[in-house]
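Trainee: I'd like to ask you about the structure that follows.
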Amino acid sequence: MPEIRILSEKLINKIAAGEVVQRPASVVKELIENSLDASASKIFVDIENGGRDLIRVMDNGSGMDEDDLMLSFEQHATSKIREHEDLEGIRSLGFRGEALPSIASVSMVEAASCCNSDNIGSQIIINGGDIRGIEPFPMKQGTHITVKKLFFNVPARRKFLKSASTEYRHMIDVIRRFSLCRPDVEFQFISNGKSVFNLKPSELKNRISQVFAVHYHEKLIGVEAQDGSAKLTGFVGNLDLIRNRSGEQYLFVNNRLVNDRMMNSAVYQAFSPMIEKGEFPFFVLNLDLPASEIDVNVHPQKTEIKYHQDWFVYQFIRRTVAGVLEKNLTVVPTFNHNQRFPGNTLFSSEPGIQQQEIKISPLSGSAGYAPSDPVSSIPEPEPLPHGHPLKERIDLFSSNISRDRQITNTDNIISIWQAHNKYIFAQIASGIIVIDQHAAHERILFEKALTTFQNESARASQQLLFPVSLTVSPDDYSYFADLLHEFEQLGFSLREFGRNTLLIEAVPADLRHIGEGRIVLEILDFFKTRQTVKNRKQYNMAASYACKAAIKSGDLLQPREMQQLIDELFQTQTPYACPHGRPTIIHLTLDELDKRFHRT
């Protein structure tokens with residue numbers, strides 16, 4: 001038997017499907033691209049169980065006759081290109097002829113299409129790549145494709161699909177992206193019988209408000225510039241729309257979604273004077289270039305492109321966005337968007353409802369929390385390697401405490417003061433301790449949060465006199481639905497209040513005066529950045545809450561508050577590091593100080 005064999009067409013299609021069809025959202029992407037290439041003005045998407053069981057995409061595009069419908073499921077059959085030269089000027093979204101045969105090879109497909117005004121088309125049925133038949137089908141002009149049981153014949157691939165809610169959120173992202181690059185097209189999206197998007201054709205600014213939230217509309221800054229044959233259009237958000245995670249950055253080239261590091265870097269460089277590390281601005285930008293100036297045939301999913309003049313493109317985008325931001329500084333908020341304040345400009349309350357300022361001490365942690373209670377099941381970060389400077393610092397401090405227990409007895413503190421509204425200095429008999437106030441409060445809140453997860457009686461909430469409404473994007477709303485129990489365990493009271501809107505009726509008793517909508521969204525953002533690192537929901541929720549609810553660098557503390565912070569820190573199980581592994585305390589002994597001043 002020969003060692004080298006020609007693969008069967010079925011196996012070739014299944015292998016190709018691995019590149020083109022990675023998850024249910026990939027199917028939707030390919031089918032919507034076909035609909036747009038067919039000049040559809042209305043696209044309807046219906047899914048069940050996150051697309052695992054059903055994906056249906058219907059459009060009113062040009063449609064196909066029976067022969068073309070049959071050919072469309074043949075490998076590398078396409079109407080988009082004919083000659084090699086056509087690759088140098090591609091304007092269509094699809095052109096390889098891989099999507100439909102790849103999808104059909106790993107699912108059960110029913111496809112119907114009509115290209116005439118007689119309302120008689122054709123329907124083809126394909127199961128796992130095997131054509132079961134084709135017959136006349138009554139329908140209006142357009143194409144309807146139904147995909148059932150994705151990866152039913154590739155169990156290994158189906159096993160690695162995420163939960164239905166996760167796949168659903170990927171689906172939202174795909175449809176949102178298409179709706180932003182083509183606001184002139186009507187999009188409807190139904191999930192498990194419930195409407196998610198019902199987007200009528202409109203201007204881009206209105207479309208952004210439709211797919212995110214209405215408050216985005218007044219926070220957008222228009223971008224429009226041209227340099228030769230290059231044109232940049234779209235919107236950037238002001239500082240109110242900055243988030244602590246990526247995900248609301250949308251770049252298109254000739255209305256094609258791209259993942260382009262160079263374009264992304266150009267926009268971030270323009271924002272750099274206004275944002276800090278770890279902050280992400282909002283933008284929806286489309287770069288229009290002659291098709292001959294770009295190469296879109298460099299990635300199986302066609303999300304990466306090459307430019308003929310990449311340096312020109314980078315400078316054009318950076319210069320344009322920077323100029324727009326500079327010109328509109330009067331409409332860009334000048335406040336520090338990380339600060340706490342009673343009101344919340346990000347989220348609107350119902351008419352006549354005012355947000356409540358919670359008059360709680362930042363360290364009023366006695367409610368429902370007994371520091372002496374054992375918290376033996378608290379999962380700590382993985383051990384630091386030997387020789388790591390943080391481990392050495394923590395080990396040194398731990399040994400000092402073992403040798404001199406007076407550090408944990410805060411009654412022996414002789415004096416206490418705050419430096420730069422960031423660090424707390426305390427004089428003790430053996431030297432000085434320096435405490436990072438944010439890291440210390442994080443540790444306190446983190447252990448309290450884990451205690452409430454384990455012991456319901458430890459939970460304490462503060463009812464809001466005036467509940468606050470919070471409108472979010474559909475995918476964020478889905479996250480809140482998944483995390484509702486954990487939010488309630490922390491002491492929040494959230495309930496559904498209309499389409500993609502939550503009503504915040506109570507917050508944890510520990511929470512400082514802060515915009516309630518802002519803190520809830522920041523906790524979600526932080527959780528989403530951590531969830532891929534560790535698959536421990538409660539741990540990550542506790543760390544997210546602690547990070548966002550803790551006092552910050554720059555917060556002025558009164559002597560009583562500093563004393564209480566130190567007291568509570570030393571009553572935690574692990575006072576020497578915050579949940580992320582950063583040290584909370586530095587201990588400088590008199591011997592160390594004497595050495596620094598050459599007294600020994």
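The way I read the labels, and the way they are meant: chains A, B, ... in the order of the structure tokens, residue 1 as the first residue of every chain, and ligand 1 as the first ligand shown, with later ones counted on from there.
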Please list as a ChimeraX atom specification every residue within 7 Å of Asn153 (chain A), counting only C-alpha atoms and excluding residues in the same chain fewer than 2 positions away.

Mentor: /A:106,128,151,155

Trainee: State, in Å with one decimal place, the distance from CA of Val109 (chain A) to CA of Ile32 (chain A).

Mentor: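 Going from CA of Val109 (chain A) over to CA of Ile32 (chain A), I get 15.7 Å.
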
Trainee: Check the smallest atom-to-atom distance from each of A:Thr320, A:Ser265, A:Ser493, A:Gln538 to Gln462 (chain A) using only C-alpha atoms, then report the winner.

Mentor: A:Ser493

Trainee: Just list as a PyMOL selection string whatever in region 110-230 of chain A DSSP marks as helix (DSSP H, G or I).

Mentor: chain A and resi 155-159+164-181+204-211+214-219

Trainee: Determine, using only C-alpha atoms, which residues of region 506-560 of chain A have any atom at most 12 Å from an atom of region 274-287 of chain A, and tabulate each with its shortest atom pair and distance in Å to one decimal place, rows ordered by chain and then rising number, as a tab-separated table.

Mentor:
```
residue	atom	partner	partner_atom	distance
A:Glu522	CA	A:Glu279	CA	11.5
A:Asp525	CA	A:Glu279	CA	10.9
A:Phe526	CA	A:Gly278	CA	10.6
A:Thr529	CA	A:Gly278	CA	10.6
```

Trainee: Can you tell me which residues surround Cys115 (chain A) at a distance of at most 12 Å, considering only C-alpha atoms, apart from same-chain residues fewer than 3 positions away, and format the answer as a PyMOL selection string?

Mentor: chain A and resi 38+59-69+112+118-122+137-144

Trainee: Compare A:Leu199, A:Leu100, A:Ile424, A:Ile305 by their minimum atom-to-atom distance to Leu557 (chain A), counting only C-alpha atoms, and give me the closest one.

Mentor: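 Ranked by minimum distance to Leu557 (chain A), first place goes to A:Ile424.
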
Trainee: Have a look at A:Pro474, A:Pro467, A:Pro273, A:Gly515 and name the one nearest to Ile175 (chain A); count only C-alpha atoms.

Mentor: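 Nearest candidate to Ile175 (chain A) out of A:Pro474, A:Pro467, A:Pro273, A:Gly515: A:Pro474.
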
Trainee: Determine, counting only C-alpha atoms, which protein, DNA and RNA residues have an atom within 6 Å of an atom of Ala426 (chain A); residues of the same chain fewer than 2 positions away are not included. Present the result as an MDAnalysis selection string.

Mentor: chainID A and resid 415:416 432:433

Trainee: Mind dumping the selected residues with N, CA and C atoms as a short mmCIF file (atom, residue, chain, number, x, y, z; two decimals), in the first residue's frame?

Mentor:
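Wrote it out as out-v1.cif, contents follow:
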```cif
data_model
loop_
_atom_site.label_atom_id
_atom_site.label_comp_id
_atom_site.auth_asym_id
_atom_site.auth_seq_id
_atom_site.Cartn_x
_atom_site.Cartn_y
_atom_site.Cartn_z
N SER A 415 2.60 56.37 65.31
CA SER A 415 2.03 57.45 64.52
C SER A 415 1.71 56.94 63.12
N ILE A 416 0.83 57.66 62.42
CA ILE A 416 0.35 57.22 61.12
C ILE A 416 0.11 58.45 60.25
N ILE A 432 9.39 51.02 60.28
CA ILE A 432 8.29 51.66 59.57
C ILE A 432 7.63 50.64 58.65
N ILE A 433 6.32 50.69 58.56
CA ILE A 433 5.62 49.93 57.53
C ILE A 433 4.98 50.92 56.56
#
```

Trainee: Counting only C-alpha atoms, which of A:Ala322, A:Ile190, A:Ile551, A:Ala439 gets nearest to Ala266 (chain A)?

Mentor: A:Ala322
